[in-house]
Structure formats: structure tokens, C-alpha cells
file query.cif (mmCIF, C-alpha atoms (C1' of nucleotides))
data_start
#
loop_
_atom_site.label_atom_id
_atom_site.label_comp_id
_atom_site.auth_asym_id
_atom_site.auth_seq_id
_atom_site.Cartn_x
_atom_site.Cartn_y
_atom_site.Cartn_z
CA MET A 1 4.79 -4.53 35.28
CA ALA A 2 7.25 -6.28 33.04
CA THR A 3 5.06 -7.69 30.36
CA THR A 4 2.37 -5.07 30.18
CA PHE A 5 3.74 -3.89 26.96
CA LEU A 6 3.35 -7.04 24.95
CA ASP A 7 -0.14 -7.52 26.28
CA ARG A 8 -1.17 -4.03 25.34
CA GLU A 9 0.41 -4.36 21.93
CA GLN A 10 -1.60 -7.49 21.22
CA LYS A 11 -4.76 -5.92 22.55
CA ILE A 12 -4.35 -2.86 20.40
CA LEU A 13 -4.22 -5.07 17.33
CA GLU A 14 -7.26 -7.02 18.49
CA HIS A 15 -9.07 -3.79 19.13
CA LEU A 16 -8.28 -2.71 15.60
CA LYS A 17 -9.53 -5.97 14.14
CA THR A 18 -12.95 -5.39 15.60
CA HIS A 19 -13.16 -1.62 15.45
CA LYS A 20 -11.19 -1.13 12.22
CA THR A 21 -9.93 2.18 13.54
CA ALA A 22 -8.97 3.63 16.89
CA SER A 23 -7.88 7.01 18.18
CA VAL A 24 -4.95 7.58 20.47
CA GLN A 25 -7.21 9.19 23.04
CA GLU A 26 -9.59 6.25 22.98
CA LEU A 27 -6.82 3.68 23.37
CA ALA A 28 -5.23 5.64 26.18
CA GLU A 29 -8.51 5.56 28.09
CA VAL A 30 -9.17 1.89 27.38
CA PHE A 31 -5.76 0.81 28.64
CA GLY A 32 -5.45 3.42 31.37
CA VAL A 33 -2.14 4.81 30.17
CA SER A 34 -1.03 8.17 28.86
CA ASN A 35 -1.40 9.25 25.25
CA MET A 36 2.35 9.25 24.96
CA THR A 37 2.54 5.57 25.78
CA ILE A 38 -0.03 4.79 23.09
CA HIS A 39 1.94 6.92 20.68
CA ARG A 40 4.99 4.84 21.38
CA ASP A 41 3.08 1.61 20.94
CA LEU A 42 1.63 2.71 17.64
CA HIS A 43 5.02 3.87 16.46
CA LYS A 44 6.48 0.43 17.05
CA LEU A 45 3.54 -1.40 15.54
CA ALA A 46 3.59 0.85 12.51
CA ASN A 47 7.31 0.35 12.12
CA SER A 48 6.90 -3.40 12.02
CA GLY A 49 4.06 -3.06 9.54
CA HIS A 50 1.27 -4.30 11.81
CA LEU A 51 -0.82 -1.16 11.47
CA LEU A 52 -0.95 2.18 9.73
CA LYS A 53 -0.55 5.31 11.78
CA LYS A 54 -2.95 8.06 10.89
CA HIS A 55 -3.18 11.50 12.37
CA GLY A 56 -4.94 10.92 15.65
CA GLY A 57 -4.92 7.15 15.66
CA ALA A 58 -4.37 4.04 13.58
CA THR A 59 -5.97 1.58 11.18
CA LEU A 60 -5.16 -1.86 9.91
CA PRO A 61 -2.88 -1.94 6.89
CA ASN A 62 -3.90 -2.90 3.37
CA PRO A 63 -7.66 -2.88 3.52
CA GLY A 64 -7.97 -2.36 -0.18
CA GLY A 65 -4.58 -3.44 -1.39
CA LYS A 66 -2.25 -0.53 -1.30
CA ALA A 67 1.20 -1.29 -2.62
CA GLN A 68 2.70 -3.13 0.30
CA GLU A 69 6.32 -2.37 0.75
CA GLU A 70 7.78 -5.77 1.29
CA THR A 71 11.36 -4.63 1.01
CA SER A 72 13.00 -3.90 4.32
CA LEU A 73 16.19 -2.03 5.01
CA CYS A 74 19.08 -3.46 6.96
CA ALA A 75 19.10 -1.97 10.45
CA MET A 76 22.88 -2.30 10.49
CA CYS A 77 24.16 -1.06 7.15
CA GLY A 78 21.01 0.44 5.66
CA LYS A 79 20.92 -1.25 2.31
CA THR A 80 17.87 -3.17 1.14
CA ALA A 81 17.71 -6.66 2.53
CA SER A 82 17.44 -9.30 -0.16
CA GLN A 83 15.01 -12.12 0.45
CA ARG A 84 17.84 -14.53 -0.34
CA THR A 85 19.99 -13.58 2.62
CA ILE A 86 17.74 -11.68 5.03
CA PHE A 87 18.39 -12.10 8.73
CA ILE A 88 15.58 -11.39 11.18
CA VAL A 89 16.05 -10.84 14.90
CA LYS A 90 13.07 -10.87 17.22
CA PHE A 91 13.44 -9.48 20.70
CA ASP A 92 11.76 -10.38 23.93
CA ASN A 93 9.76 -7.20 23.98
CA GLY A 94 8.20 -8.00 20.62
CA GLU A 95 10.34 -5.72 18.56
CA GLU A 96 11.90 -6.92 15.38
CA MET A 97 14.96 -5.90 13.41
CA ARG A 98 16.09 -6.97 9.99
CA ALA A 99 19.52 -7.22 8.47
CA CYS A 100 20.72 -7.73 4.92
CA CYS A 101 22.63 -10.93 5.69
CA ALA A 102 24.12 -13.00 8.48
CA HIS A 103 27.11 -10.68 8.59
CA CYS A 104 25.04 -7.71 9.72
CA GLY A 105 22.45 -9.86 11.46
CA LEU A 106 24.84 -11.60 13.78
CA MET A 107 26.55 -8.32 14.60
CA MET A 108 23.22 -6.78 15.43
CA GLN A 109 22.26 -9.74 17.52
CA SER A 110 25.48 -9.84 19.50
CA ARG A 111 25.04 -6.25 20.61
CA LYS A 112 21.53 -6.54 21.94
CA LYS A 113 20.80 -8.56 25.02
CA LYS A 114 17.29 -9.88 25.02
CA VAL A 115 17.01 -11.76 21.76
CA TRP A 116 14.04 -14.03 21.67
CA GLN A 117 14.56 -15.67 18.34
CA SER A 118 16.42 -15.08 15.13
CA LEU A 119 15.85 -16.41 11.65
CA THR A 120 17.67 -16.41 8.39
CA VAL A 121 17.47 -18.03 4.98
CA ASP A 122 19.14 -21.20 3.79
CA TYR A 123 21.28 -20.03 0.94
CA LEU A 124 20.75 -23.17 -1.09
CA TYR A 125 17.04 -23.76 -0.68
CA GLY A 126 15.69 -20.38 0.29
CA HIS A 127 13.89 -21.77 3.32
CA MET A 128 13.73 -19.91 6.59
CA ILE A 129 15.91 -21.52 9.23
CA SER A 130 16.45 -20.88 12.89
CA ALA A 131 19.62 -18.82 13.08
CA GLY A 132 20.80 -20.55 16.24
CA GLN A 133 20.83 -23.96 14.60
CA ALA A 134 22.20 -22.87 11.26
CA PHE A 135 25.72 -23.47 9.94
CA TYR A 136 27.66 -20.50 8.68
CA LEU A 137 30.27 -20.56 5.96
CA VAL A 138 32.55 -17.67 6.83
CA GLY A 139 35.03 -16.15 4.44
CA SER A 140 34.24 -18.11 1.31
CA VAL A 141 35.11 -16.59 -2.05
CA LEU A 142 31.43 -16.04 -2.85
CA ASN A 143 30.83 -12.45 -1.89
CA ILE A 144 27.12 -11.94 -2.32
CA CYS A 145 26.37 -9.29 0.30
CA CYS A 146 28.72 -8.07 2.98
CA VAL A 147 32.42 -8.88 3.32
CA PRO A 148 33.63 -11.09 4.84
CA SER A 149 31.00 -13.30 3.29
CA ILE A 150 28.82 -15.28 5.69
CA LEU A 151 26.42 -17.77 4.12
CA ALA A 152 23.81 -19.69 6.10
CA PHE A 153 22.86 -23.31 5.64
CA GLY A 154 20.31 -25.51 7.31
CA SER A 155 22.20 -28.74 6.66
CA LYS A 156 25.79 -29.24 7.66
CA THR A 157 26.24 -31.75 4.86
CA ASP A 158 25.16 -29.24 2.25
CA ALA A 159 27.33 -26.59 3.78
CA GLU A 160 30.33 -28.92 3.64
CA LYS A 161 29.65 -29.56 -0.01
CA PHE A 162 29.44 -25.87 -0.66
CA ARG A 163 32.68 -25.34 1.19
CA LYS A 164 34.51 -27.82 -1.02
CA GLY A 165 34.11 -25.48 -3.91
CA PHE A 166 34.08 -22.03 -2.35
CA GLY A 167 36.30 -22.42 0.66
CA GLY A 168 35.89 -20.67 4.00
CA GLN A 169 35.31 -21.95 7.52
CA LEU A 170 32.20 -23.74 8.59
CA LEU A 171 31.08 -22.48 12.00
CA ASP A 172 28.03 -22.55 14.18
CA MET A 173 26.40 -19.35 15.36
CA GLU A 174 28.45 -18.75 18.48
CA GLU A 175 31.71 -19.50 16.76
CA THR A 176 30.76 -17.17 13.94
CA ILE A 177 30.06 -14.31 16.32
CA HIS A 178 33.33 -14.90 18.14
CA HIS A 179 35.14 -15.03 14.84
CA MET A 180 33.68 -11.69 13.83
CA HIS A 181 34.65 -10.10 17.12
CA ARG A 182 38.19 -11.29 16.68
CA MET A 183 38.25 -9.77 13.21
CA MET A 184 36.96 -6.50 14.59
CA HIS A 185 39.72 -6.35 17.14
CA MET A 186 42.39 -7.01 14.54
CA HIS A 187 41.18 -4.29 12.23
CA SER A 188 39.12 -1.42 13.42
CA ASP A 189 36.47 -1.15 10.74
CA MET A 190 33.20 -2.97 10.27
CA MET B 1 -4.39 32.21 -11.20
CA ALA B 2 -5.90 29.05 -12.55
CA THR B 3 -2.87 26.91 -13.23
CA THR B 4 -0.59 27.92 -10.40
CA PHE B 5 -1.41 24.77 -8.63
CA LEU B 6 -0.20 22.31 -11.21
CA ASP B 7 3.07 24.16 -11.58
CA ARG B 8 3.79 24.07 -7.90
CA GLU B 9 2.76 20.43 -7.72
CA GLN B 10 5.30 19.51 -10.38
CA LYS B 11 7.98 21.59 -8.78
CA ILE B 12 7.46 19.97 -5.42
CA LEU B 13 8.03 16.57 -6.97
CA GLU B 14 11.14 17.81 -8.75
CA HIS B 15 12.37 19.30 -5.52
CA LEU B 16 11.92 15.93 -3.86
CA LYS B 17 13.79 14.11 -6.59
CA THR B 18 16.89 16.17 -5.93
CA HIS B 19 16.54 16.71 -2.21
CA LYS B 20 15.03 13.31 -1.30
CA THR B 21 13.10 14.97 1.50
CA ALA B 22 11.53 18.33 2.18
CA SER B 23 9.82 20.00 5.08
CA VAL B 24 6.57 21.89 4.86
CA GLN B 25 8.24 25.00 6.19
CA GLU B 26 11.02 24.77 3.63
CA LEU B 27 8.64 24.32 0.70
CA ALA B 28 6.46 27.18 1.88
CA GLU B 29 9.46 29.48 1.83
CA VAL B 30 10.72 28.22 -1.52
CA PHE B 31 7.38 28.80 -3.23
CA GLY B 32 6.39 31.85 -1.25
CA VAL B 33 3.09 30.47 -0.04
CA SER B 34 1.67 29.62 3.34
CA ASN B 35 2.31 26.36 5.12
CA MET B 36 -1.35 25.53 4.75
CA THR B 37 -1.10 25.63 0.97
CA ILE B 38 1.84 23.27 1.03
CA HIS B 39 -0.11 21.00 3.34
CA ARG B 40 -2.93 20.86 0.83
CA ASP B 41 -0.54 20.17 -2.03
CA LEU B 42 1.16 17.35 -0.16
CA HIS B 43 -2.18 15.90 0.80
CA LYS B 44 -3.21 15.65 -2.84
CA LEU B 45 0.12 14.31 -3.97
CA ALA B 46 0.16 11.74 -1.20
CA ASN B 47 -3.37 10.68 -2.03
CA SER B 48 -2.41 10.04 -5.62
CA GLY B 49 0.66 8.12 -4.50
CA HIS B 50 3.25 10.53 -5.83
CA LEU B 51 4.89 11.03 -2.46
CA LEU B 52 4.78 9.95 1.14
CA LYS B 53 3.65 12.39 3.76
CA LYS B 54 5.71 12.37 6.89
CA HIS B 55 5.31 14.42 10.01
CA GLY B 56 6.67 17.79 9.05
CA GLY B 57 7.23 17.14 5.37
CA ALA B 58 7.36 14.53 2.65
CA THR B 59 9.59 12.00 0.89
CA LEU B 60 9.44 10.08 -2.33
CA PRO B 61 7.75 6.71 -2.14
CA ASN B 62 9.65 3.43 -2.60
CA PRO B 63 13.11 4.77 -3.27
CA GLY B 64 14.47 1.33 -3.97
CA GLY B 65 11.62 0.19 -6.15
CA LYS B 66 9.16 -2.27 -4.77
CA ALA B 67 10.13 -5.89 -4.95
CA GLN B 68 6.88 -6.95 -6.48
CA GLU B 69 6.73 -10.68 -6.65
CA GLU B 70 5.18 -11.57 -9.94
CA THR B 71 4.33 -15.21 -9.59
CA SER B 72 4.13 -17.02 -12.87
CA LEU B 73 3.30 -20.62 -13.59
CA CYS B 74 5.59 -22.97 -15.44
CA ALA B 75 4.31 -23.46 -18.97
CA MET B 76 5.74 -26.97 -18.90
CA CYS B 77 4.86 -28.51 -15.59
CA GLY B 78 2.41 -25.98 -14.22
CA LYS B 79 3.87 -25.32 -10.82
CA THR B 80 4.72 -21.82 -9.67
CA ALA B 81 8.06 -20.63 -10.97
CA SER B 82 10.37 -19.49 -8.21
CA GLN B 83 12.33 -16.31 -8.81
CA ARG B 84 15.45 -18.26 -7.91
CA THR B 85 15.32 -20.66 -10.84
CA ILE B 86 12.92 -19.14 -13.33
CA PHE B 87 13.64 -19.69 -17.01
CA ILE B 88 12.18 -17.25 -19.53
CA VAL B 89 11.93 -17.89 -23.25
CA LYS B 90 11.11 -15.04 -25.61
CA PHE B 91 9.96 -15.82 -29.13
CA ASP B 92 10.39 -13.95 -32.37
CA ASN B 93 6.74 -12.96 -32.44
CA GLY B 94 7.02 -11.23 -29.10
CA GLU B 95 5.43 -13.98 -27.08
CA GLU B 96 6.98 -15.13 -23.87
CA MET B 97 6.87 -18.35 -21.89
CA ARG B 98 8.12 -19.09 -18.44
CA ALA B 99 9.35 -22.25 -16.85
CA CYS B 100 10.05 -23.21 -13.25
CA CYS B 101 13.71 -24.03 -13.89
CA ALA B 102 16.24 -24.85 -16.58
CA HIS B 103 14.94 -28.40 -16.68
CA CYS B 104 11.53 -27.37 -17.95
CA GLY B 105 12.83 -24.27 -19.70
CA LEU B 106 15.33 -26.03 -21.91
CA MET B 107 12.76 -28.67 -22.78
CA MET B 108 10.30 -25.99 -23.72
CA GLN B 109 12.87 -24.18 -25.76
CA SER B 110 14.03 -27.25 -27.70
CA ARG B 111 10.53 -27.94 -28.93
CA LYS B 112 9.78 -24.50 -30.23
CA LYS B 113 11.50 -23.16 -33.28
CA LYS B 114 11.44 -19.42 -33.34
CA VAL B 115 13.23 -18.60 -30.11
CA TRP B 116 14.56 -15.07 -30.01
CA GLN B 117 16.20 -15.06 -26.62
CA SER B 118 16.09 -16.97 -23.38
CA LEU B 119 17.05 -16.00 -19.89
CA THR B 120 17.49 -17.66 -16.58
CA VAL B 121 18.83 -16.94 -13.13
CA ASP B 122 22.33 -17.52 -11.83
CA TYR B 123 21.75 -19.87 -8.94
CA LEU B 124 24.49 -18.33 -6.84
CA TYR B 125 23.94 -14.64 -7.33
CA GLY B 126 20.32 -14.39 -8.45
CA HIS B 127 21.23 -12.33 -11.50
CA MET B 128 19.54 -12.80 -14.81
CA ILE B 129 21.84 -14.43 -17.33
CA SER B 130 21.53 -15.22 -20.98
CA ALA B 131 20.55 -18.87 -21.14
CA GLY B 132 22.66 -19.53 -24.22
CA GLN B 133 25.84 -18.49 -22.48
CA ALA B 134 25.12 -20.09 -19.14
CA PHE B 135 26.70 -23.21 -17.70
CA TYR B 136 24.42 -25.96 -16.47
CA LEU B 137 25.18 -28.36 -13.68
CA VAL B 138 23.17 -31.48 -14.57
CA GLY B 139 22.38 -34.24 -12.16
CA SER B 140 23.86 -32.82 -8.97
CA VAL B 141 22.57 -34.03 -5.63
CA LEU B 142 20.93 -30.69 -4.95
CA ASN B 143 17.35 -31.25 -6.04
CA ILE B 144 15.71 -27.88 -5.72
CA CYS B 145 13.06 -28.02 -8.43
CA CYS B 146 12.73 -30.70 -11.09
CA VAL B 147 14.64 -33.96 -11.31
CA PRO B 148 17.16 -34.46 -12.75
CA SER B 149 18.40 -31.26 -11.22
CA ILE B 150 19.71 -28.60 -13.61
CA LEU B 151 21.28 -25.54 -12.06
CA ALA B 152 22.38 -22.48 -14.04
CA PHE B 153 25.53 -20.46 -13.49
CA GLY B 154 26.93 -17.41 -15.18
CA SER B 155 30.54 -18.21 -14.38
CA LYS B 156 32.14 -21.52 -15.28
CA THR B 157 34.55 -21.14 -12.39
CA ASP B 158 31.74 -20.79 -9.88
CA ALA B 159 29.94 -23.72 -11.43
CA GLU B 160 33.04 -25.87 -11.10
CA LYS B 161 33.32 -24.91 -7.47
CA PHE B 162 29.73 -25.83 -6.92
CA ARG B 163 30.26 -29.12 -8.68
CA LYS B 164 33.09 -30.04 -6.31
CA GLY B 165 30.60 -30.29 -3.52
CA PHE B 166 27.40 -31.36 -5.18
CA GLY B 167 28.56 -33.44 -8.13
CA GLY B 168 26.94 -33.67 -11.56
CA GLN B 169 28.12 -32.80 -15.03
CA LEU B 170 28.89 -29.31 -16.17
CA LEU B 171 27.51 -28.68 -19.65
CA ASP B 172 26.72 -25.78 -21.91
CA MET B 173 23.24 -25.23 -23.23
CA GLU B 174 23.40 -27.41 -26.32
CA GLU B 175 25.04 -30.25 -24.49
CA THR B 176 22.43 -30.03 -21.78
CA ILE B 177 19.60 -30.28 -24.27
CA HIS B 178 21.21 -33.25 -25.98
CA HIS B 179 21.76 -34.87 -22.63
CA MET B 180 18.11 -34.48 -21.75
CA HIS B 181 17.01 -35.98 -25.04
CA ARG B 182 19.20 -39.00 -24.50
CA MET B 183 17.65 -39.43 -21.08
CA MET B 184 14.21 -39.22 -22.59
CA HIS B 185 14.99 -41.99 -25.07
CA MET B 186 16.35 -44.28 -22.41
CA HIS B 187 13.34 -43.92 -20.17
CA SER B 188 10.00 -42.82 -21.48
CA ASP B 189 8.90 -40.38 -18.83
CA MET B 190 9.59 -36.74 -18.46
"C1'" DT C 1 -21.77 45.53 -16.89
"C1'" DA C 2 -22.95 43.55 -12.44
"C1'" DA C 3 -24.11 39.48 -9.83
"C1'" DT C 4 -22.96 35.06 -8.76
"C1'" DC C 5 -20.27 30.85 -8.52
"C1'" DT C 6 -16.23 28.16 -8.01
"C1'" DC C 7 -11.61 27.50 -6.84
"C1'" DT C 8 -7.43 28.67 -4.46
"C1'" DT C 9 -5.27 30.69 -0.66
"C1'" DG C 10 -4.57 32.63 4.03
"C1'" DT C 11 -5.78 33.05 9.06
"C1'" DT C 12 -6.92 31.32 13.33
"C1'" DA C 13 -7.83 28.09 17.03
"C1'" DA C 14 -7.87 23.50 18.63
"C1'" DA C 15 -6.08 18.91 18.50
"C1'" DG C 16 -2.29 15.89 17.64
"C1'" DA C 17 2.71 14.54 17.41
"C1'" DT C 18 7.37 14.74 18.84
"C1'" DA C 19 11.60 15.43 21.61
"C1'" DA C 20 13.71 15.96 25.96
"C1'" DC C 21 13.78 15.26 30.52
"C1'" DA C 22 12.27 13.15 35.00
"C1'" DA C 23 10.25 9.50 37.66
"C1'" DA C 24 8.89 4.91 38.44
"C1'" DA C 25 9.36 0.01 37.69
"C1'" DT C 26 12.08 -3.76 36.65
"C1'" DA C 27 16.25 -6.35 35.83
"C1'" DT C 28 21.08 -7.28 36.68
"C1'" DA C 29 25.25 -7.42 39.30
"C1'" DA C 30 28.02 -7.17 43.40
"C1'" DT D 1 20.43 -8.26 50.52
"C1'" DT D 2 21.96 -3.61 48.47
"C1'" DA D 3 23.52 -1.08 44.64
"C1'" DT D 4 23.59 -0.16 39.95
"C1'" DA D 5 21.79 -0.40 35.14
"C1'" DT D 6 18.10 -0.75 32.01
"C1'" DT D 7 13.50 -0.26 30.56
"C1'" DT D 8 9.07 1.70 30.67
"C1'" DT D 9 6.06 5.41 31.55
"C1'" DG D 10 4.57 10.21 32.41
"C1'" DT D 11 5.15 15.36 32.03
"C1'" DT D 12 6.16 19.38 29.73
"C1'" DA D 13 7.20 22.50 25.98
"C1'" DT D 14 7.40 23.06 21.18
"C1'" DC D 15 6.27 22.06 16.65
"C1'" DT D 16 2.90 20.05 13.21
"C1'" DT D 17 -1.56 19.00 11.47
"C1'" DT D 18 -6.20 19.73 10.77
"C1'" DA D 19 -10.80 21.93 10.36
"C1'" DA D 20 -13.48 25.91 9.83
"C1'" DC D 21 -14.11 30.20 8.21
"C1'" DA D 22 -13.00 34.37 5.43
"C1'" DA D 23 -10.83 36.83 1.58
"C1'" DG D 24 -9.46 37.21 -3.08
"C1'" DA D 25 -9.13 35.81 -8.20
"C1'" DG D 26 -11.10 34.12 -12.31
"C1'" DA D 27 -14.85 32.26 -14.70
"C1'" DT D 28 -19.78 32.10 -15.78
"C1'" DT D 29 -24.25 33.85 -16.46
"C1'" DA D 30 -27.97 37.14 -16.80
#

call {"tool": "encode", "arguments": {"input": "query.cif", "output": "C-alpha cells"}}
result
Amino acid sequence: MATTFLDREQKILEHLKTHKTASVQELAEVFGVSNMTIHRDLHKLANSGHLLKKHGGATLPNPGGKAQEETSLCAMCGKTASQRTIFIVKFDNGEEMRACCAHCGLMMQSRKKKVWQSLTVDYLYGHMISAGQAFYLVGSVLNICCVPSILAFGSKTDAEKFRKGFGGQLLDMEETIHHMHRMMHMHSDM
Amino acid sequence: MATTFLDREQKILEHLKTHKTASVQELAEVFGVSNMTIHRDLHKLANSGHLLKKHGGATLPNPGGKAQEETSLCAMCGKTASQRTIFIVKFDNGEEMRACCAHCGLMMQSRKKKVWQSLTVDYLYGHMISAGQAFYLVGSVLNICCVPSILAFGSKTDAEKFRKGFGGQLLDMEETIHHMHRMMHMHSDM
DNA sequence: TAATCTCTTGTTAAAGATAACAAAATATAA
DNA sequence: TTATATTTTGTTATCTTTAACAAGAGATTA
């Protein structure tokens, strides 16, 4: 019963698309699980913005255009995650966490085990890039978010050019994580 | 007892501004009313968007301020102006025009006479900077919007660092406008 | 003035939500 | 394989929310 959760999660959303609303009781009966399990599902789905939890059940978000809160908070340090540097980690079980920048994002990722995919933003172009294939400029003099500064680039060539001016080391993801762990052992703060 | 309600409503919001969060129980004790009355108050206030109802209490909505993405179109070339490179020109008569980047923005500005102020975005930090005091990197290899590429920086030092990697000429606003006019006379396209 | 109406508030009972703990299922390591 | 973690689910007790009804305070009207 390893993947029941993802299935049920998907099916709850599908159920909502057709029924527009669903009660906890109803969903529990449909899926043959306890109310508590449905509660937990809805809590996760509501947290990731896929639905709105109401008393007794859930609905789809933004039917009429309520002010969508697009700003997310860093799960590591708590400050608002800028769209310029956001780092998104998606886990095997469908959960998702967001960090303010690669600094917090890579820390977050290195603690958890079952990462499915992680994304971040190319600092030059603003595109989303796969975090595993990105190049990280660590310790440059451009401190835009957390310190030590870690900037992400999709192209190694561009990153090299950036480095010429702002210094720092150009590392891939694994090296960056190792580098951060070394730093943590030298000092004892985050 | 006609206006008791409005008073309490106001005071609940004030209470939230200082305390950031408040439980139903707590508010009921503070105002000397039943929990049910507080529930009804919060329901109204939540409905009108003044606060967010949580299980057991309430919080203020959008503490950080919603990052509303106001998409505007470039008055010069017509494409959508990214928040990363937007160039805003404000005229004496209170009118305002927006351009996709410094390339279009400076062109726009040099045609019009009665410019009061113009703003653009520091490419590195995303801050708004006064366009007249900014430094422009013209003709670098980083083509992010229009060509020739013109990137804006608030700090000359940072701009120099950027130039080390990506090339181009570093000019102030007037020089940049002159440079563009020379280019226009050599070729005949925009 | 009394009679009535409307609005706010309180009480109660039932349903829902949450936290804490225990059990079952699964994954990981030895 | 067995043994040990980790994850998922269920159970229980407690707190919260809601709806329905009743009581009280002003306001309105005859």
C-alpha cells in the first residue's frame, strides 16, 4: 500500500472537479478510509494550494477570483520567497516545499530523503531550471538573499561570465551541498 | 445597544494588528462576550476580507502584501513588460508610460519633452532605481529583452563586474541615448 | 402607551477538527 | 533472511465550529 496516497490525492481533486464540493464524510466513504485520513489529505492539498478547506469538506480554489496568494514563505528560514531566487523541492509522496533561494533550498533538500525533483530560477534569465543540472555560484560578492550567496545558472558559460565580475566558486549541485556541509562543520550556525 | 457591534469589530482588528493572531476564547474574554458572538464577528470580518479565520481564532490576511503581478505592455514595442527590466516614464502632466526595458524606455523618453521622472529596475537586485542616475551596460552578450541589449544597474561597481563577464560598454543615461541615436543613423531600423 | 418587529446575543446539542498515541504497512539496513 | 526505521493509517479524547432556538434590547407603528 505504498502509493495509495498519491492515487487518492489525485482522485480527490478529480472528484472536486466534477462535484465542485465534497465533504470529509463523503470522501472517507468513497475511498474506504477513515475521516482522519481524509483530513490529512485535505490538509496537504490545501497547504499546496490545490483546494480550499472548508468546515466539513473542501472546494476548488478561486472560483470567482479571490485574491490568490502567490507569495510563498521559505520553509527553511521563513521569509517570503522572491520569484527571482525561489527554490522548489518536490517529494516522492507529492508534497512540495519552497525555499527563498538555493542556499535554503539545497539545505532543505539535503536533509530529506525522497526528493523527486527540484527546481530553481536562472538568476540571469528568470527561467525555471532543473536544480540538479544547474550551476551554482557560491560565495560571490553579490548578496541578494541568504549568506553565503548561492546563485543559480542554467548555462555554465553564463555562470563563468558572472563569476568573472563577482567572484565565488562555480559548483554543481552535489559539490554545493558538500561545500555547505563543510561550512556548517567549521562554524556552528546556519 | 445598536452600535456595540461596530465598536467591537474595529477593536478586534486593532487587536490583531498588535497581536498578529488571536483566539476566539481570548477575544471573548477580552470583550466580555460569549464565544458565539466572537464567532459571528469573525465570520463577518472574514467574509469582507478583513481577516483570515483559522481554526480556533483569526489572523490578518496577507501580512507581507500580495505580490500582485501587474502586467503592462510596452508602449514602444508592445510586448509585455517584465518586472525584471521594466522602464517607467512619468510626465509632467501626470501621465505615465511603460516600456519593456531600458532599450525601449530610453527611446521613448528621448522623444517626449516633458519628462518629470523615469524609473527602471536594477538588473542584479530587482530594486527600482532612478533612470537618470543609473548605469547602462550597452551591447553586452546577454540578450534578455531587446537588441542591442541595455541593462540597468544602480551601482557602477556592480555594473563593471557584470561587464567583465558579459562585455559591452558602460554608459550613463545621456551617453546611452546618444549612442542609440548614432546606431539609428547608421542603420535605419529600430 | 402597548404591541410588534428587527437585531444582537446567549445557550445548547450535534457535527467537525485537531493532537497524541498506537497499530499496521512499507522501506531500509545489517 | 531478520531486524530496525520510517511512513501511513486508525482510534480516542478534547477542543472548535456550526445550526437552531430562545431571550433581551431598541426601534417602529398603531

call {"tool": "residues_around", "arguments": {"input": "query.cif", "residues": "DA3 in chain C", "least_positions_apart": "3", "cutoff": "12 Å", "atoms": "all atoms listed in the file", "output": "mmCIF file with C-alpha atoms (C1' of nucleotides), in the frame of the given file"}}
result
data_model
loop_
_atom_site.group_PDB
_atom_site.id
_atom_site.type_symbol
_atom_site.label_atom_id
_atom_site.label_comp_id
_atom_site.auth_asym_id
_atom_site.auth_seq_id
_atom_site.Cartn_x
_atom_site.Cartn_y
_atom_site.Cartn_z
ATOM 1 C "C1'" DT D 28 -19.780 32.100 -15.780
ATOM 2 C "C1'" DT D 29 -24.250 33.850 -16.460
ATOM 3 C "C1'" DA D 30 -27.970 37.140 -16.800
#

call {"tool": "closest_residue", "arguments": {"input": "query.cif", "among": "B:Asp122, B:Asp158, B:Asp172, B:Asp41", "to": "chain C", "atoms": "all atoms listed in the file"}}
result
B:Asp41

call {"tool": "residues_around", "arguments": {"input": "query.cif", "residues": "Leu27 in chain B", "least_positions_apart": "3", "cutoff": "9 Å", "atoms": "only C-alpha atoms (C1' of nucleotides)", "output": "count of residues only"}}
result
12

call {"tool": "atom_distance", "arguments": {"input": "query.cif", "atom1": "CA of Gln10 in chain B", "atom2": "CA of Leu42 in chain B"}}
result
11.2 Å

call {"tool": "closest_residue", "arguments": {"input": "query.cif", "among": "D:DT11, D:DT2, D:DT18, D:DA23", "to": "chain B", "atoms": "all atoms listed in the file"}}
result
D:DT18

call {"tool": "residues_around", "arguments": {"input": "query.cif", "residues": "range 126-134 of chain A", "least_positions_apart": "2", "cutoff": "12 Å", "atoms": "only C-alpha atoms (C1' of nucleotides)", "output": "MDAnalysis selection string"}}
result
(chainID A and resid 82:90 101:103 105:106 109 115:124 136:137 150:159 170:177) or (chainID B and resid 82:85 123:124 126 144:145)

call {"tool": "closest_atom_pairs", "arguments": {"input": "query.cif", "of": "chain B", "to": "chain C", "cutoff": "8 Å", "atoms": "only C-alpha atoms (C1' of nucleotides)", "output": "tab-separated table"}}
result
residue	atom	partner	partner_atom	distance
B:Ser34	CA	C:DG10	C1'	7.0
B:Met36	CA	C:DG10	C1'	7.8
B:Thr37	CA	C:DT9	C1'	6.8
B:His55	CA	C:DA17	C1'	7.8

call {"tool": "interface_residues", "arguments": {"input": "query.cif", "of": "chain D", "to": "chain B", "cutoff": "8 Å", "atoms": "only C-alpha atoms (C1' of nucleotides)", "output": "compact mmCIF listing (two decimals) with C-alpha atoms (C1' of nucleotides), in the coordinates of the input"}}
result
# COMPACT_ATOMS: atom_id res chain seq x y z
C1' DT D 16 2.90 20.05 13.21
C1' DA D 25 -9.13 35.81 -8.20
C1' DG D 26 -11.10 34.12 -12.31
